Structures are given as C-alpha cells and as structure tokens.
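Below is one structure, written out as structure tokens; comments come after it.
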Amino acid sequence: MGEERPTAFTVDPSGMARWVPTPGMLVKDTSCDRVGMAIAWDGEQGKVTLRPLSGGDMWHTATYRPANRTDQLRVRVSMLNHRGYTC
C-alpha cells in the first residue's frame, strides 16, 4: 500500500480539472468515509467504482479523493483486526 500520486485528470462539465484514479489505487469515498480500491472510472458520469479491500459489494461514488497515509494506515489496522492479529 505504497503512497501513489495522482497522475490522470479530466475536465468536468463546469470546466474544472478533476483527478481520475487508476485501477488498483486506494481511494477515499468522502460521502461515506470509506476507503476502497479503484476498479473503474465512468467519465460520462464522473464516478469511480470502488471495491472494499476486505471483500463485499462494489460501490460507485462521485465524491472521492486519493487515500492519504492516515487512510491507508486505518485500512491496514482494520484488516489486521479483522484477521485477529494480536501483539
């Protein structure tokens, strides 16, 4: 889960540049405070499809940003807790 820098952009209908995640990148859905892995980008609707890292149903969102280091750490801790790791 290394930190990846956004590299692709698109222009939305209002003329604003918008970051487009590449497949496999960790993305935070800011509407529901969840982090998922980018699976696909729908440029027509401006939505990204995300997959939960722990499994489950994919979801679509138009409100997102790159996952920062804090987001990535939370995901790692959550996954370790889910697996039952202890010190």
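Chain labels follow the order of the structure tokens: the first chain is A, the next B, and so on; residue numbering restarts at 1 in every chain, and ligands are counted from 1 in their shown order.
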With only C-alpha atoms as the counted atoms, please give the residues lying no more than 9 Å from A:Ala67, apart from itself and same-chain residues fewer than 3 positions off, as an mmCIF file with C-alpha atoms, in the first residue's frame.
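Written output follows (selection.cif):
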```
data_model
loop_
_atom_site.group_PDB
_atom_site.id
_atom_site.type_symbol
_atom_site.label_atom_id
_atom_site.label_comp_id
_atom_site.auth_asym_id
_atom_site.auth_seq_id
_atom_site.Cartn_x
_atom_site.Cartn_y
_atom_site.Cartn_z
ATOM 1 C CA GLU A 3 1.640 6.087 -1.460
ATOM 2 C CA GLU A 4 0.706 6.789 -5.043
ATOM 3 C CA MET A 25 -5.249 2.798 -6.374
ATOM 4 C CA LEU A 26 -6.645 3.352 -2.873
ATOM 5 C CA VAL A 27 -9.405 5.953 -2.934
ATOM 6 C CA LYS A 28 -11.436 7.524 -0.126
ATOM 7 C CA ASP A 29 -15.170 7.973 -0.725
ATOM 8 C CA VAL A 35 -11.694 3.537 1.534
ATOM 9 C CA GLY A 36 -11.694 1.160 -1.399
ATOM 10 C CA TYR A 64 -13.731 10.977 -3.667
ATOM 11 C CA THR A 70 -3.800 8.145 7.579
ATOM 12 C CA ASP A 71 -6.487 6.494 5.444
ATOM 13 C CA GLN A 72 -4.030 3.790 4.391
#
```
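Within 10 Å of A:Thr49, once only C-alpha atoms are used and residues closer than 6 positions along the same chain are dropped, the contacting residues are Pro21, Pro23, Val27, Gly36, Met37, Ala38, Ile39, Ala40, Trp41, Asp42, Met58, Trp59, His60, Thr61 and Ala62 of chain A.
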Take the residues from that selection and put them in a file with all heavy atoms, as an mmCIF file, in the first residue's frame.
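See again-v5.cif below for the written result:
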```
data_model
loop_
_atom_site.group_PDB
_atom_site.id
_atom_site.type_symbol
_atom_site.label_atom_id
_atom_site.label_comp_id
_atom_site.auth_asym_id
_atom_site.auth_seq_id
_atom_site.Cartn_x
_atom_site.Cartn_y
_atom_site.Cartn_z
ATOM 1 N N PRO A 21 -8.620 8.373 -10.589
ATOM 2 C CA PRO A 21 -7.759 7.319 -10.049
ATOM 3 C C PRO A 21 -7.504 6.224 -11.074
ATOM 4 O O PRO A 21 -8.341 5.934 -11.910
ATOM 5 C CB PRO A 21 -8.571 6.770 -8.871
ATOM 6 C CG PRO A 21 -9.981 7.107 -9.190
ATOM 7 C CD PRO A 21 -9.955 8.352 -10.019
ATOM 8 N N PRO A 23 -6.752 2.158 -11.880
ATOM 9 C CA PRO A 23 -7.151 0.895 -11.251
ATOM 10 C C PRO A 23 -6.091 0.406 -10.272
ATOM 11 O O PRO A 23 -4.890 0.476 -10.545
ATOM 12 C CB PRO A 23 -7.297 -0.062 -12.434
ATOM 13 C CG PRO A 23 -7.654 0.833 -13.577
ATOM 14 C CD PRO A 23 -6.849 2.092 -13.345
ATOM 15 N N VAL A 27 -8.613 4.734 -2.784
ATOM 16 C CA VAL A 27 -9.405 5.953 -2.934
ATOM 17 C C VAL A 27 -10.340 6.074 -1.739
ATOM 18 O O VAL A 27 -10.907 5.080 -1.287
ATOM 19 C CB VAL A 27 -10.232 5.901 -4.243
ATOM 20 C CG1 VAL A 27 -11.131 7.112 -4.381
ATOM 21 C CG2 VAL A 27 -9.306 5.781 -5.442
ATOM 22 N N GLY A 36 -11.621 2.335 -0.551
ATOM 23 C CA GLY A 36 -11.694 1.160 -1.399
ATOM 24 C C GLY A 36 -10.636 1.219 -2.485
ATOM 25 O O GLY A 36 -9.954 2.226 -2.650
ATOM 26 N N MET A 37 -10.526 0.130 -3.217
ATOM 27 C CA MET A 37 -9.592 0.068 -4.331
ATOM 28 C C MET A 37 -10.333 0.434 -5.611
ATOM 29 O O MET A 37 -11.415 -0.095 -5.871
ATOM 30 C CB MET A 37 -9.006 -1.336 -4.454
ATOM 31 C CG MET A 37 -7.964 -1.429 -5.552
ATOM 32 S SD MET A 37 -7.182 -3.047 -5.607
ATOM 33 C CE MET A 37 -6.311 -3.031 -4.054
ATOM 34 N N ALA A 38 -9.750 1.340 -6.389
ATOM 35 C CA ALA A 38 -10.367 1.763 -7.646
ATOM 36 C C ALA A 38 -10.394 0.592 -8.625
ATOM 37 O O ALA A 38 -9.401 -0.094 -8.821
ATOM 38 C CB ALA A 38 -9.601 2.930 -8.247
ATOM 39 N N ILE A 39 -11.563 0.383 -9.206
ATOM 40 C CA ILE A 39 -11.751 -0.686 -10.185
ATOM 41 C C ILE A 39 -11.986 -0.106 -11.576
ATOM 42 O O ILE A 39 -11.452 -0.594 -12.560
ATOM 43 C CB ILE A 39 -12.960 -1.578 -9.799
ATOM 44 C CG1 ILE A 39 -12.737 -2.198 -8.435
ATOM 45 C CG2 ILE A 39 -13.232 -2.641 -10.850
ATOM 46 C CD1 ILE A 39 -11.535 -3.098 -8.350
ATOM 47 N N ALA A 40 -12.800 0.946 -11.641
ATOM 48 C CA ALA A 40 -13.151 1.527 -12.947
ATOM 49 C C ALA A 40 -13.519 2.992 -12.781
ATOM 50 O O ALA A 40 -13.842 3.453 -11.691
ATOM 51 C CB ALA A 40 -14.321 0.761 -13.557
ATOM 52 N N TRP A 41 -13.493 3.707 -13.900
ATOM 53 C CA TRP A 41 -13.833 5.119 -13.952
ATOM 54 C C TRP A 41 -14.895 5.314 -15.023
ATOM 55 O O TRP A 41 -14.738 4.849 -16.149
ATOM 56 C CB TRP A 41 -12.593 5.948 -14.284
ATOM 57 C CG TRP A 41 -12.882 7.343 -14.719
ATOM 58 C CD1 TRP A 41 -12.767 7.837 -15.988
ATOM 59 C CD2 TRP A 41 -13.334 8.424 -13.922
ATOM 60 N NE1 TRP A 41 -13.120 9.152 -16.019
ATOM 61 C CE2 TRP A 41 -13.480 9.546 -14.746
ATOM 62 C CE3 TRP A 41 -13.647 8.560 -12.570
ATOM 63 C CZ2 TRP A 41 -13.911 10.765 -14.282
ATOM 64 C CZ3 TRP A 41 -14.073 9.783 -12.111
ATOM 65 C CH2 TRP A 41 -14.195 10.860 -12.957
ATOM 66 N N ASP A 42 -15.992 5.977 -14.670
ATOM 67 C CA ASP A 42 -17.042 6.312 -15.623
ATOM 68 C C ASP A 42 -16.943 7.808 -15.898
ATOM 69 O O ASP A 42 -17.460 8.616 -15.141
ATOM 70 C CB ASP A 42 -18.419 5.953 -15.056
ATOM 71 C CG ASP A 42 -19.553 6.235 -16.034
ATOM 72 O OD1 ASP A 42 -19.328 6.949 -17.041
ATOM 73 O OD2 ASP A 42 -20.667 5.751 -15.783
ATOM 74 N N MET A 58 -19.094 -4.005 -4.545
ATOM 75 C CA MET A 58 -18.507 -2.776 -5.081
ATOM 76 C C MET A 58 -19.530 -1.661 -4.967
ATOM 77 O O MET A 58 -20.726 -1.912 -4.856
ATOM 78 C CB MET A 58 -18.116 -2.980 -6.546
ATOM 79 C CG MET A 58 -17.000 -3.963 -6.743
ATOM 80 S SD MET A 58 -16.499 -4.100 -8.470
ATOM 81 C CE MET A 58 -17.871 -5.007 -9.139
ATOM 82 N N TRP A 59 -19.034 -0.404 -4.989
ATOM 83 C CA TRP A 59 -19.942 0.730 -4.985
ATOM 84 C C TRP A 59 -19.382 1.825 -5.875
ATOM 85 O O TRP A 59 -18.229 1.792 -6.267
ATOM 86 C CB TRP A 59 -20.214 1.209 -3.557
ATOM 87 C CG TRP A 59 -19.138 2.026 -2.900
ATOM 88 C CD1 TRP A 59 -19.099 3.391 -2.819
ATOM 89 C CD2 TRP A 59 -17.964 1.568 -2.218
ATOM 90 N NE1 TRP A 59 -17.982 3.797 -2.127
ATOM 91 C CE2 TRP A 59 -17.272 2.702 -1.744
ATOM 92 C CE3 TRP A 59 -17.427 0.310 -1.953
ATOM 93 C CZ2 TRP A 59 -16.085 2.618 -1.024
ATOM 94 C CZ3 TRP A 59 -16.237 0.230 -1.244
ATOM 95 C CH2 TRP A 59 -15.586 1.364 -0.788
ATOM 96 N N HIS A 60 -20.234 2.770 -6.210
ATOM 97 C CA HIS A 60 -19.875 3.882 -7.096
ATOM 98 C C HIS A 60 -20.002 5.184 -6.318
ATOM 99 O O HIS A 60 -20.907 5.338 -5.504
ATOM 100 C CB HIS A 60 -20.811 3.943 -8.305
ATOM 101 C CG HIS A 60 -20.973 2.630 -8.990
ATOM 102 N ND1 HIS A 60 -20.044 2.143 -9.874
ATOM 103 C CD2 HIS A 60 -21.939 1.686 -8.905
ATOM 104 C CE1 HIS A 60 -20.438 0.962 -10.307
ATOM 105 N NE2 HIS A 60 -21.584 0.666 -9.732
ATOM 106 N N THR A 61 -19.110 6.117 -6.598
ATOM 107 C CA THR A 61 -19.186 7.411 -5.949
ATOM 108 C C THR A 61 -18.650 8.507 -6.868
ATOM 109 O O THR A 61 -17.775 8.254 -7.684
ATOM 110 C CB THR A 61 -18.415 7.434 -4.613
ATOM 111 O OG1 THR A 61 -18.605 8.697 -3.982
ATOM 112 C CG2 THR A 61 -16.925 7.198 -4.819
ATOM 113 N N ALA A 62 -19.204 9.687 -6.696
ATOM 114 C CA ALA A 62 -18.720 10.855 -7.438
ATOM 115 C C ALA A 62 -17.970 11.803 -6.505
ATOM 116 O O ALA A 62 -17.453 12.820 -6.939
ATOM 117 C CB ALA A 62 -19.892 11.577 -8.093
#
```
List every residue of stretch 52-83 of chain A that DSSP, applied to the backbone of this structure, places in helix (DSSP H, G or I), and write the result as a ChimeraX atom specification.
/A:69-83
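Put simply, atom CA of A:Val77 is 20.3 Å away from atom CA of A:Arg65.
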